[in-house]
>>> print(open('entry-v1.txt').read())   # compact mmCIF, C-alpha atoms
# COMPACT_ATOMS: atom_id res chain seq x y z
CA MET D 1327 178.36 -93.37 133.12
CA LEU D 1328 178.36 -92.72 129.37
CA ARG D 1329 176.09 -94.47 126.92
CA ARG D 1330 176.01 -94.70 123.12
CA VAL D 1331 172.82 -93.48 121.46
CA ALA D 1332 171.75 -93.73 117.83
CA SER D 1333 170.91 -90.31 116.41
CA ILE D 1334 170.06 -88.58 113.14
CA ASP D 1335 172.03 -85.51 112.10
CA CYS D 1336 170.65 -82.50 110.26
CA HIS D 1337 171.54 -84.08 106.90
CA GLY D 1338 169.46 -87.19 107.56
CA GLN D 1339 172.42 -89.44 108.30
CA GLY D 1340 172.66 -91.89 111.16
CA VAL D 1341 175.38 -91.19 113.74
CA ILE D 1342 176.32 -92.44 117.20
CA ILE D 1343 176.66 -89.93 120.00
CA GLU D 1344 177.88 -90.41 123.54
CA GLN D 1345 175.95 -88.87 126.40
CA ASP D 1346 175.57 -89.27 130.14
CA LEU D 1347 173.19 -92.03 131.19
CA PRO D 1348 170.16 -90.28 132.73
CA GLU D 1349 169.82 -90.41 136.49
CA LEU D 1350 167.67 -93.32 137.63
CA THR D 1351 164.60 -91.70 139.22
CA PRO D 1352 161.89 -93.23 141.42
CA GLY D 1353 159.62 -95.55 139.49
CA GLN D 1354 162.20 -96.35 136.79
CA VAL D 1355 164.42 -99.30 135.89
CA GLN D 1356 167.86 -99.13 134.29
CA VAL D 1357 168.15 -101.61 131.43
CA GLU D 1358 171.13 -103.00 129.56
CA VAL D 1359 169.70 -103.06 126.05
CA VAL D 1360 170.11 -106.26 124.02
CA ALA D 1361 167.99 -105.34 120.99
CA SER D 1362 165.87 -102.48 119.68
CA LEU D 1363 163.53 -102.17 116.70
CA ILE D 1364 163.29 -99.21 114.33
CA SER D 1365 159.82 -97.94 113.50
CA PRO D 1366 160.46 -96.44 110.04
CA GLY D 1367 157.20 -94.54 109.67
CA THR D 1368 157.34 -92.39 112.79
CA GLU D 1369 161.10 -92.37 113.40
CA LEU D 1370 162.39 -91.78 109.88
CA GLY D 1371 159.49 -89.92 108.25
CA ARG D 1372 161.46 -86.69 107.77
CA VAL D 1373 164.83 -88.21 106.88
CA GLY D 1374 164.22 -88.34 103.12
CA GLN D 1375 163.42 -84.63 103.07
CA GLN D 1376 166.48 -83.86 105.18
CA ARG D 1377 168.63 -85.68 102.64
CA ARG D 1378 167.10 -83.89 99.66
CA GLU D 1379 167.08 -80.35 101.03
CA LYS D 1380 169.78 -78.22 102.60
CA GLN D 1381 169.12 -78.12 106.34
CA LYS D 1382 170.18 -75.65 108.98
CA GLU D 1383 173.05 -76.98 111.08
CA ARG D 1384 171.89 -78.32 114.43
CA PRO D 1385 172.91 -81.08 116.85
CA PRO D 1386 171.91 -84.68 116.08
CA ARG D 1387 168.63 -85.87 117.61
CA SER D 1388 168.43 -89.20 119.39
CA PHE D 1389 165.52 -91.46 118.49
CA GLY D 1390 163.82 -94.77 119.19
CA TYR D 1391 160.99 -95.97 121.42
CA ALA D 1392 161.11 -99.78 121.45
CA ASN D 1393 163.82 -101.97 122.95
CA ALA D 1394 164.42 -104.96 125.22
CA GLY D 1395 167.11 -106.00 127.62
CA ILE D 1396 168.12 -106.94 131.16
CA VAL D 1397 167.40 -104.94 134.31
CA GLU D 1398 170.63 -103.63 135.85
CA ARG D 1399 169.20 -101.40 138.59
CA VAL D 1400 165.78 -100.55 139.98
CA GLY D 1401 164.72 -97.15 141.24
CA GLU D 1402 162.94 -96.32 144.45
CA GLY D 1403 159.40 -97.68 144.59
CA VAL D 1404 159.87 -100.33 141.90
CA GLU D 1405 158.44 -103.65 143.04
CA GLN D 1406 157.48 -105.23 139.71
CA PHE D 1407 161.02 -105.93 138.54
CA ALA D 1408 164.35 -107.04 139.99
CA VAL D 1409 167.95 -106.97 138.82
CA GLY D 1410 168.48 -109.66 136.18
CA ASP D 1411 164.89 -109.67 134.86
CA ARG D 1412 164.36 -109.71 131.11
CA VAL D 1413 162.12 -106.83 130.10
CA ALA D 1414 160.57 -105.32 126.99
CA CYS D 1415 160.53 -101.52 127.08
CA MET D 1416 158.73 -98.75 125.23
CA GLY D 1417 158.35 -95.00 125.23
CA GLY D 1418 159.64 -92.01 123.32
CA GLY D 1419 162.60 -90.42 125.13
CA TYR D 1420 163.09 -93.59 127.19
CA ALA D 1421 163.43 -96.79 125.11
CA LEU D 1422 165.96 -95.32 122.70
CA HIS D 1423 168.27 -97.11 120.29
CA THR D 1424 171.09 -97.28 122.80
CA ASP D 1425 173.14 -99.63 124.94
CA ARG D 1426 171.55 -98.51 128.23
CA ALA D 1427 168.21 -96.93 129.03
CA CYS D 1428 166.24 -95.72 132.04
CA VAL D 1429 162.56 -96.52 131.52
CA PRO D 1430 159.45 -95.99 133.70
CA GLN D 1431 158.29 -99.28 135.18
CA ASN D 1432 154.78 -99.22 133.66
CA LEU D 1433 156.32 -98.85 130.20
CA CYS D 1434 158.09 -102.18 130.76
CA ALA D 1435 156.84 -105.75 130.72
CA ALA D 1436 158.46 -109.03 131.75
CA ILE D 1437 159.58 -111.14 128.79
CA PRO D 1438 158.20 -114.69 129.03
CA ASP D 1439 160.42 -117.72 128.53
CA GLY D 1440 160.79 -118.59 124.88
CA VAL D 1441 160.44 -115.01 123.61
CA SER D 1442 163.64 -113.54 122.19
CA PHE D 1443 164.90 -110.05 122.95
CA GLU D 1444 164.49 -109.23 119.25
CA ALA D 1445 160.82 -110.22 119.23
CA ALA D 1446 160.19 -108.49 122.56
CA ALA D 1447 161.64 -105.25 121.18
CA SER D 1448 158.61 -105.04 118.88
CA VAL D 1449 156.17 -104.83 121.80
CA HIS D 1450 155.46 -101.08 121.45
CA LEU D 1451 154.33 -101.53 117.84
CA ALA D 1452 152.51 -104.77 118.63
CA ALA D 1453 150.56 -103.06 121.41
CA THR D 1454 149.71 -100.20 119.05
CA GLY D 1455 148.20 -102.73 116.64
CA LEU D 1456 146.40 -104.52 119.46
CA HIS D 1457 144.87 -101.27 120.73
CA ALA D 1458 143.71 -100.43 117.19
CA VAL D 1459 141.95 -103.79 116.94
CA ARG D 1460 140.36 -103.30 120.37
CA ARG D 1461 139.05 -99.90 119.23
CA THR D 1462 137.53 -101.58 116.17
CA LEU D 1463 135.49 -104.02 118.32
CA PRO D 1464 135.80 -107.09 116.07
CA LEU D 1465 133.32 -109.94 116.36
CA PHE D 1466 134.07 -113.57 115.58
CA GLY D 1467 133.41 -114.29 111.91
CA GLU D 1468 133.48 -110.67 110.72
CA ASN D 1469 135.43 -109.54 107.66
CA GLY D 1470 138.15 -106.92 108.09
CA MET D 1471 140.47 -105.02 105.77
CA ILE D 1472 143.86 -103.62 106.81
CA MET D 1473 145.21 -100.82 104.62
CA GLY D 1474 148.99 -100.52 104.95
CA MET D 1475 151.21 -103.43 105.97
CA GLY D 1476 153.96 -101.69 107.86
CA LEU D 1477 154.73 -103.14 111.26
CA VAL D 1478 151.60 -101.78 112.95
CA GLY D 1479 149.45 -103.01 110.05
CA GLN D 1480 151.06 -106.44 110.27
CA PHE D 1481 150.25 -106.72 113.96
CA SER D 1482 146.73 -105.38 113.42
CA ALA D 1483 146.11 -108.06 110.80
CA GLN D 1484 147.32 -110.82 113.07
CA PHE D 1485 145.31 -109.62 116.08
CA GLY D 1486 142.25 -109.31 113.85
CA GLN D 1487 142.58 -112.96 112.90
CA LEU D 1488 143.30 -113.97 116.50
CA SER D 1489 139.94 -112.36 117.31
CA GLY D 1490 138.27 -114.84 114.97
CA CYS D 1491 137.89 -112.52 111.98
CA HIS D 1492 138.69 -112.99 108.31
CA ILE D 1493 141.38 -110.46 107.41
CA MET D 1494 142.42 -109.08 104.03
CA ALA D 1495 145.68 -107.09 103.90
CA VAL D 1496 146.28 -104.38 101.28
CA ASP D 1497 149.61 -102.75 100.41
CA ARG D 1498 151.61 -101.62 97.39
CA SER D 1499 154.74 -103.51 98.50
CA GLU D 1500 154.99 -107.15 97.49
CA MET D 1501 157.72 -107.64 100.12
CA ARG D 1502 155.39 -106.49 102.90
CA LEU D 1503 152.65 -108.76 101.59
CA ASP D 1504 155.14 -111.64 101.56
CA CYS D 1505 155.75 -110.95 105.26
CA ALA D 1506 151.99 -110.95 105.87
CA ARG D 1507 151.61 -114.27 104.09
CA ALA D 1508 154.49 -115.70 106.15
CA CYS D 1509 152.45 -114.77 109.23
CA SER D 1510 149.41 -116.59 107.78
CA VAL D 1511 147.29 -113.52 106.98
CA GLU D 1512 144.32 -115.01 105.14
CA ARG D 1513 144.23 -112.80 102.01
CA THR D 1514 146.65 -110.25 100.57
CA VAL D 1515 146.08 -107.68 97.83
CA GLN D 1516 148.81 -105.90 95.88
CA ALA D 1517 147.18 -102.50 95.48
CA THR D 1518 148.90 -101.49 92.23
CA ILE D 1519 147.83 -104.70 90.47
CA GLU D 1520 144.52 -105.81 91.98
CA ASP D 1521 141.27 -103.91 92.60
CA SER D 1522 140.96 -103.95 96.39
CA VAL D 1523 137.22 -103.18 96.34
CA GLU D 1524 136.43 -106.10 94.07
CA ALA D 1525 138.81 -108.32 96.05
CA ALA D 1526 136.98 -107.34 99.25
CA ARG D 1527 133.64 -108.22 97.71
CA GLU D 1528 134.86 -111.67 96.74
CA PHE D 1529 136.74 -112.26 99.99
CA SER D 1530 133.70 -111.36 102.11
CA LEU D 1531 131.50 -113.70 100.07
CA GLN D 1532 129.51 -110.69 98.84
CA PHE D 1533 128.59 -109.59 102.39
CA GLY D 1534 130.97 -106.63 102.34
CA MET D 1535 133.59 -105.69 104.91
CA ASP D 1536 132.46 -105.16 108.50
CA PHE D 1537 135.45 -103.04 109.45
CA GLY D 1538 138.75 -101.68 108.26
CA ILE D 1539 141.94 -100.22 109.73
CA ILE D 1540 144.16 -97.61 108.06
CA ALA D 1541 147.68 -98.19 109.36
CA PHE D 1542 149.89 -95.69 107.58
CA GLY D 1543 150.57 -91.96 107.61
CA GLY D 1544 150.33 -89.21 105.02
CA ASP D 1545 147.55 -88.74 102.49
CA ALA D 1546 145.13 -91.62 103.00
CA SER D 1547 142.04 -90.22 101.26
CA SER D 1548 142.22 -92.75 98.43
CA ALA D 1549 142.66 -95.66 100.83
CA PHE D 1550 139.73 -94.37 102.91
CA GLU D 1551 137.52 -94.22 99.81
CA GLN D 1552 138.46 -97.77 98.81
CA LEU D 1553 137.80 -98.99 102.32
CA TYR D 1554 134.47 -97.15 102.47
CA ALA D 1555 133.41 -98.67 99.12
CA SER D 1556 134.28 -102.13 100.48
CA LEU D 1557 132.02 -101.92 103.53
CA LYS D 1558 128.56 -103.48 103.80
CA GLN D 1559 125.81 -101.68 101.88
CA THR D 1560 122.21 -101.36 103.06
CA PRO D 1561 119.22 -101.52 100.67
CA ASP D 1562 118.94 -97.71 100.73
CA GLY D 1563 122.47 -97.43 99.30
CA HIS D 1564 124.24 -96.35 102.49
CA ARG D 1565 127.39 -98.02 103.76
CA MET D 1566 127.76 -99.25 107.32
CA GLY D 1567 130.65 -100.57 109.36
CA ARG D 1568 133.66 -99.28 111.31
CA ILE D 1569 136.86 -97.64 110.15
CA THR D 1570 139.73 -97.16 112.61
CA ILE D 1571 142.68 -94.84 111.94
CA VAL D 1572 145.89 -95.87 113.70
CA GLY D 1573 148.48 -94.31 111.39
CA GLY D 1574 149.11 -90.57 111.19
CA ALA D 1575 146.81 -90.29 108.18
CA GLN D 1576 145.32 -87.17 106.62
CA ILE D 1577 141.88 -87.85 105.11
CA SER D 1578 139.44 -85.69 103.18
CA HIS D 1579 135.94 -87.12 102.94
CA GLY D 1580 132.35 -85.96 103.28
CA PHE D 1581 130.19 -86.88 106.25
CA ALA D 1582 126.46 -87.40 106.84
CA ALA D 1583 124.95 -88.74 103.59
CA GLY D 1584 128.46 -88.72 102.11
CA LEU D 1585 129.61 -91.29 104.65
CA GLY D 1586 126.44 -93.24 105.33
CA ASN D 1587 126.21 -94.91 108.74
CA VAL D 1588 129.92 -95.58 109.13
CA ASP D 1589 131.70 -95.18 112.47
CA VAL D 1590 135.14 -93.57 112.09
CA ARG D 1591 137.39 -94.14 115.08
CA SER D 1592 140.87 -93.08 116.16
CA ALA D 1593 143.29 -95.41 117.95
CA ALA D 1594 145.94 -93.50 119.89
CA ARG D 1595 149.21 -95.28 120.51
CA THR D 1596 149.37 -98.27 122.89
CA GLY D 1597 146.28 -97.55 124.97
CA PRO D 1598 145.53 -95.54 128.12
CA GLY D 1599 148.47 -94.50 130.27
CA TYR D 1600 151.15 -93.66 127.73
CA HIS D 1601 152.23 -90.02 128.28
CA ASP D 1602 150.65 -89.93 131.74
CA ASN D 1603 153.80 -89.39 133.79
CA GLU D 1604 152.29 -90.68 137.05
CA TYR D 1605 150.94 -93.83 135.38
CA GLU D 1606 154.22 -94.49 133.58
CA HIS D 1607 156.18 -94.36 136.84
CA GLY D 1608 153.97 -96.77 138.76
CA ARG D 1609 150.52 -95.39 139.46
CA ASP D 1610 147.77 -97.65 138.10
CA TYR D 1611 144.23 -96.98 136.90
CA PRO D 1612 141.22 -98.70 138.51
CA ALA D 1613 140.79 -101.88 136.48
CA VAL D 1614 137.02 -101.64 136.65
CA PHE D 1615 137.17 -98.40 134.62
CA VAL D 1616 140.33 -98.93 132.52
CA GLU D 1617 140.59 -102.62 131.75
CA TRP D 1618 143.31 -102.42 129.12
CA PRO D 1619 145.95 -99.81 130.00
CA THR D 1620 149.27 -99.73 128.17
CA GLN D 1621 151.19 -102.14 130.39
CA ARG D 1622 148.49 -104.80 130.23
CA ASN D 1623 148.49 -104.50 126.44
CA LEU D 1624 152.26 -105.02 126.48
CA ASP D 1625 151.84 -108.12 128.65
CA GLU D 1626 149.17 -109.54 126.34
CA CYS D 1627 151.35 -109.04 123.26
CA LEU D 1628 154.26 -110.87 124.90
CA ARG D 1629 151.93 -113.62 126.07
CA SER D 1630 150.70 -114.07 122.50
CA MET D 1631 154.30 -114.25 121.27
CA ALA D 1632 155.14 -116.87 123.91
CA SER D 1633 152.21 -119.06 122.87
CA GLY D 1634 153.18 -118.81 119.20
CA ALA D 1635 149.90 -117.12 118.32
CA LEU D 1636 151.53 -113.80 117.41
CA ARG D 1637 154.35 -114.23 114.91
CA VAL D 1638 157.15 -111.66 114.87
CA GLU D 1639 160.26 -113.20 113.30
CA PRO D 1640 158.86 -113.22 109.71
CA LEU D 1641 158.60 -109.43 109.95
CA PHE D 1642 162.35 -108.97 110.47
CA THR D 1643 164.31 -108.26 107.30
CA HIS D 1644 167.62 -106.84 108.59
CA GLU D 1645 169.84 -106.79 111.65
CA PHE D 1646 172.59 -104.23 112.31
CA ALA D 1647 175.03 -103.47 115.08
CA LEU D 1648 174.10 -100.27 116.90
CA ASP D 1649 177.34 -98.68 115.67
CA ASP D 1650 176.17 -99.21 112.08
CA ILE D 1651 173.09 -97.04 112.53
CA ALA D 1652 174.01 -95.22 109.32
CA GLY D 1653 173.63 -98.46 107.36
CA ALA D 1654 170.35 -99.32 109.07
CA ILE D 1655 168.83 -95.95 108.19
CA ASP D 1656 170.14 -96.14 104.61
CA VAL D 1657 168.38 -99.48 104.09
CA LEU D 1658 165.05 -98.15 105.32
CA VAL D 1659 165.22 -94.79 103.56
CA GLU D 1660 166.93 -95.66 100.28
CA THR D 1661 165.49 -99.15 99.68
CA PRO D 1662 162.15 -99.26 101.55
CA GLU D 1663 160.87 -101.93 99.19
CA GLN D 1664 163.45 -104.32 100.70
CA ALA D 1665 163.20 -103.53 104.40
CA LEU D 1666 160.54 -103.80 107.09
CA GLY D 1667 161.61 -104.87 110.58
CA VAL D 1668 165.16 -103.64 111.20
CA VAL D 1669 166.75 -104.71 114.49
CA LEU D 1670 169.67 -102.97 116.18
CA LYS D 1671 172.00 -104.74 118.62
CA PRO D 1672 174.47 -102.92 120.88
>>> encode(input="entry-v1.txt", output="structure tokens")
Amino acid sequence: MLRRVASIDCHGQGVIIEQDLPELTPGQVQVEVVASLISPGTELGRVGQQRREKQKERPPRSFGYANAGIVERVGEGVEQFAVGDRVACMGGGYALHTDRACVPQNLCAAIPDGVSFEAAASVHLAATGLHAVRRTLPLFGENGMIMGMGLVGQFSAQFGQLSGCHIMAVDRSEMRLDCARACSVERTVQATIEDSVEAAREFSLQFGMDFGIIAFGGDASSAFEQLYASLKQTPDGHRMGRITIVGGAQISHGFAAGLGNVDVRSAARTGPGYHDNEYEHGRDYPAVFVEWPTQRNLDECLRSMASGALRVEPLFTHEFALDDIAGAIDVLVETPEQALGVVLKP
């Protein structure tokens, strides 16, 4: 059976290729995809450079890692899902932008009633934000600052507030801040207009920020410095608090006295299990040691969507047919100030 897969050619243009549907192996489900969501930061990060510079000719590369659809077949050993189930899927190389996908069962989660395929397709990015918040260890009533309001930053901000914290979102894009406000994020700061450090001081009622999350890639040294300067300060002049890095950021900053008593943490992907082939295909971890593996994080995100606590629809700005992948990529690469959540539909 052939399938259509969205790909990017060597010139940075979106194209559709046809390829054989992978063989359904033990521990996997075959899914008829209804919707997928583009993650512009990780999936399209090199496209601008490809368009500006002459590239060596090479075959198009398929991409995507977040989709949702209906189970068509189940592989040997799959007991969690049955034909006809609605599932949200994740995973690089598996949950592509395509019309059919074969995905390991532990990278899938059942979609609750009332949650759309479009919203469910965001579950990989939602779980990434949830894991970042878990790594930050928020306490009810604390003040937190999210730097970067891409999709992962948006979900991090919402999960921070759902944890009982006061959240301030910072970004250069007014459109992204509009999306954050539509999701009821408590305070937003347009970084090119407002001083985020002073805004943090006022927002925290002079206490200072307890934690912060950097949710974007590239050079983040300036954002780190602003976040550091916004944290609580002890009488001896040292800062204290927690900073979690969830985006692919590069940061240059001094440690020891140069950083005070600040905990810097990394949040990797969706939680334990992702990229463990045995876990992905059905093996589980002992819950007493690994309470929040990837699949449980997926389930919790979907549960929050079903209850209305986690809002997804305000983050969607565009919808394209899968065959118009060229247009979808153009919107995200050429007019990033106008696009955030871009959904593809086969």
>>> closest_residue(input="entry-v1.txt", among="D:Gln1376, D:Phe1529, D:Ala1452, D:Gly1340", to="D:Thr1620", atoms="only C-alpha atoms")
D:Ala1452
>>> residues_around(input="entry-v1.txt", residues="stretch 1482-1489 of chain D", least_positions_apart="5", cutoff="8 Å", atoms="all atoms listed in the file", output="PyMOL selection string")
chain D and resi 1452+1455-1456+1458-1459+1464-1466+1470+1472+1494-1495+1509+1511+1539+1635-1636
>>> atom_distance(input="entry-v1.txt", atom1="atom CA of D:Asn1393", atom2="atom CA of D:Val1331")
12.5 Å
>>> residues_around(input="entry-v1.txt", residues="D:Ser1530", least_positions_apart="4", cutoff="12 Å", atoms="all atoms listed in the file", output="ChimeraX atom specification")
/D:1467-1471,1491-1494,1512-1513,1522-1526,1534-1537,1556-1558
>>> residues_around(input="entry-v1.txt", residues="D:Glu1639", least_positions_apart="6", cutoff="9 Å", atoms="only C-alpha atoms", output="compact mmCIF listing (two decimals) with C-alpha atoms, keeping the file's coordinate frame")
# COMPACT_ATOMS: atom_id res chain seq x y z
CA GLU D 1444 164.49 -109.23 119.25
CA ALA D 1445 160.82 -110.22 119.23
CA CYS D 1509 152.45 -114.77 109.23
CA GLY D 1667 161.61 -104.87 110.58
>>> atom_distance(input="entry-v1.txt", atom1="atom CA of D:Cys1434", atom2="atom CA of D:Ala1414")
5.5 Å
>>> closest_residue(input="entry-v1.txt", among="D:Arg1399, D:His1564, D:Arg1329, D:Arg1507", to="D:Pro1352", atoms="only C-alpha atoms")
D:Arg1399
>>> residues_around(input="entry-v1.txt", residues="D:Ala1392", least_positions_apart="3", cutoff="7 Å", atoms="all atoms listed in the file", output="list in words")
Ser1362, Leu1363, Cys1415, Met1416, Gly1417, Ala1421, Leu1422, Ala1447, Ser1448 and His1450 of chain D
>>> closest_residue(input="entry-v1.txt", among="D:Leu1347, D:Ala1575, D:Val1496, D:Ala1453", to="D:Gln1552", atoms="all atoms listed in the file")
D:Val1496
>>> closest_residue(input="entry-v1.txt", among="D:Val1360, D:Met1327, D:Val1614, D:Val1572", to="D:Gln1345", atoms="all atoms listed in the file")
D:Met1327
>>> closest_residue(input="entry-v1.txt", among="D:Pro1386, D:Thr1570, D:Arg1609, D:Arg1378", to="D:Val1404", atoms="all atoms listed in the file")
D:Arg1609
>>> residues_around(input="entry-v1.txt", residues="D:Ala1647", least_positions_apart="6", cutoff="10 Å", atoms="all atoms listed in the file", output="list in words")
Ala1361, Gly1653, Ala1654, Val1669, Leu1670, Lys1671 and Pro1672 of chain D
>>> build_atoms(input="entry-v1.txt", residues="stretch 1501-1510 of chain D", atoms="all heavy atoms", output="PDB file, in the frame of the given file")
ATOM      1  N   MET D1501     156.919-107.125  99.008  1.00  0.00           N
ATOM      2  CA  MET D1501     157.720-107.640 100.120  1.00  0.00           C
ATOM      3  C   MET D1501     156.922-107.641 101.416  1.00  0.00           C
ATOM      4  O   MET D1501     156.930-108.603 102.175  1.00  0.00           O
ATOM      5  CB  MET D1501     158.990-106.802 100.276  1.00  0.00           C
ATOM      6  CG  MET D1501     159.898-107.213 101.433  1.00  0.00           C
ATOM      7  SD  MET D1501     159.466-106.441 103.026  1.00  0.00           S
ATOM      8  CE  MET D1501     159.761-104.714 102.661  1.00  0.00           C
ATOM      9  N   ARG D1502     156.188-106.563 101.679  1.00  0.00           N
ATOM     10  CA  ARG D1502     155.390-106.490 102.900  1.00  0.00           C
ATOM     11  C   ARG D1502     154.259-107.522 102.877  1.00  0.00           C
ATOM     12  O   ARG D1502     153.919-108.116 103.907  1.00  0.00           O
ATOM     13  CB  ARG D1502     154.827-105.088 103.084  1.00  0.00           C
ATOM     14  CG  ARG D1502     155.901-104.047 103.392  1.00  0.00           C
ATOM     15  CD  ARG D1502     155.298-102.691 103.677  1.00  0.00           C
ATOM     16  NE  ARG D1502     156.319-101.725 104.063  1.00  0.00           N
ATOM     17  CZ  ARG D1502     156.059-100.533 104.594  1.00  0.00           C
ATOM     18  NH1 ARG D1502     154.799-100.154 104.776  1.00  0.00           N
ATOM     19  NH2 ARG D1502     157.045 -99.728 104.933  1.00  0.00           N
ATOM     20  N   LEU D1503     153.702-107.737 101.705  1.00  0.00           N
ATOM     21  CA  LEU D1503     152.650-108.760 101.590  1.00  0.00           C
ATOM     22  C   LEU D1503     153.230-110.153 101.764  1.00  0.00           C
ATOM     23  O   LEU D1503     152.571-111.033 102.318  1.00  0.00           O
ATOM     24  CB  LEU D1503     151.932-108.617 100.250  1.00  0.00           C
ATOM     25  CG  LEU D1503     151.156-107.307 100.076  1.00  0.00           C
ATOM     26  CD1 LEU D1503     150.587-107.217  98.665  1.00  0.00           C
ATOM     27  CD2 LEU D1503     150.032-107.190 101.107  1.00  0.00           C
ATOM     28  N   ASP D1504     154.469-110.360 101.309  1.00  0.00           N
ATOM     29  CA  ASP D1504     155.140-111.640 101.560  1.00  0.00           C
ATOM     30  C   ASP D1504     155.273-111.876 103.063  1.00  0.00           C
ATOM     31  O   ASP D1504     155.067-112.999 103.549  1.00  0.00           O
ATOM     32  CB  ASP D1504     156.532-111.645 100.916  1.00  0.00           C
ATOM     33  CG  ASP D1504     156.482-111.842  99.406  1.00  0.00           C
ATOM     34  OD1 ASP D1504     155.452-112.318  98.894  1.00  0.00           O
ATOM     35  OD2 ASP D1504     157.482-111.503  98.735  1.00  0.00           O
ATOM     36  N   CYS D1505     155.641-110.825 103.804  1.00  0.00           N
ATOM     37  CA  CYS D1505     155.750-110.950 105.260  1.00  0.00           C
ATOM     38  C   CYS D1505     154.391-111.284 105.874  1.00  0.00           C
ATOM     39  O   CYS D1505     154.296-112.113 106.788  1.00  0.00           O
ATOM     40  CB  CYS D1505     156.284-109.648 105.862  1.00  0.00           C
ATOM     41  SG  CYS D1505     158.009-109.273 105.455  1.00  0.00           S
ATOM     42  N   ALA D1506     153.332-110.660 105.369  1.00  0.00           N
ATOM     43  CA  ALA D1506     151.990-110.950 105.870  1.00  0.00           C
ATOM     44  C   ALA D1506     151.608-112.401 105.608  1.00  0.00           C
ATOM     45  O   ALA D1506     151.042-113.080 106.481  1.00  0.00           O
ATOM     46  CB  ALA D1506     150.977-110.005 105.234  1.00  0.00           C
ATOM     47  N   ARG D1507     151.923-112.871 104.414  1.00  0.00           N
ATOM     48  CA  ARG D1507     151.610-114.270 104.090  1.00  0.00           C
ATOM     49  C   ARG D1507     152.421-115.221 104.974  1.00  0.00           C
ATOM     50  O   ARG D1507     151.909-116.278 105.397  1.00  0.00           O
ATOM     51  CB  ARG D1507     151.885-114.530 102.610  1.00  0.00           C
ATOM     52  CG  ARG D1507     150.843-113.906 101.680  1.00  0.00           C
ATOM     53  CD  ARG D1507     151.039-114.342 100.245  1.00  0.00           C
ATOM     54  NE  ARG D1507     152.152-113.656  99.608  1.00  0.00           N
ATOM     55  CZ  ARG D1507     152.045-112.533  98.899  1.00  0.00           C
ATOM     56  NH1 ARG D1507     150.858-111.948  98.751  1.00  0.00           N
ATOM     57  NH2 ARG D1507     153.104-111.976  98.341  1.00  0.00           N
ATOM     58  N   ALA D1508     153.671-114.857 105.274  1.00  0.00           N
ATOM     59  CA  ALA D1508     154.490-115.700 106.150  1.00  0.00           C
ATOM     60  C   ALA D1508     153.914-115.771 107.552  1.00  0.00           C
ATOM     61  O   ALA D1508     154.189-116.723 108.288  1.00  0.00           O
ATOM     62  CB  ALA D1508     155.928-115.161 106.196  1.00  0.00           C
ATOM     63  N   CYS D1509     153.119-114.775 107.930  1.00  0.00           N
ATOM     64  CA  CYS D1509     152.450-114.770 109.230  1.00  0.00           C
ATOM     65  C   CYS D1509     151.024-115.287 109.135  1.00  0.00           C
ATOM     66  O   CYS D1509     150.222-115.118 110.060  1.00  0.00           O
ATOM     67  CB  CYS D1509     152.445-113.349 109.807  1.00  0.00           C
ATOM     68  SG  CYS D1509     154.088-112.744 110.240  1.00  0.00           S
ATOM     69  N   SER D1510     150.697-115.905 107.999  1.00  0.00           N
ATOM     70  CA  SER D1510     149.410-116.590 107.780  1.00  0.00           C
ATOM     71  C   SER D1510     148.219-115.652 107.690  1.00  0.00           C
ATOM     72  O   SER D1510     147.078-116.045 107.999  1.00  0.00           O
ATOM     73  CB  SER D1510     149.162-117.640 108.880  1.00  0.00           C
ATOM     74  OG  SER D1510     150.198-118.600 108.876  1.00  0.00           O
TER      75      SER D1510
END
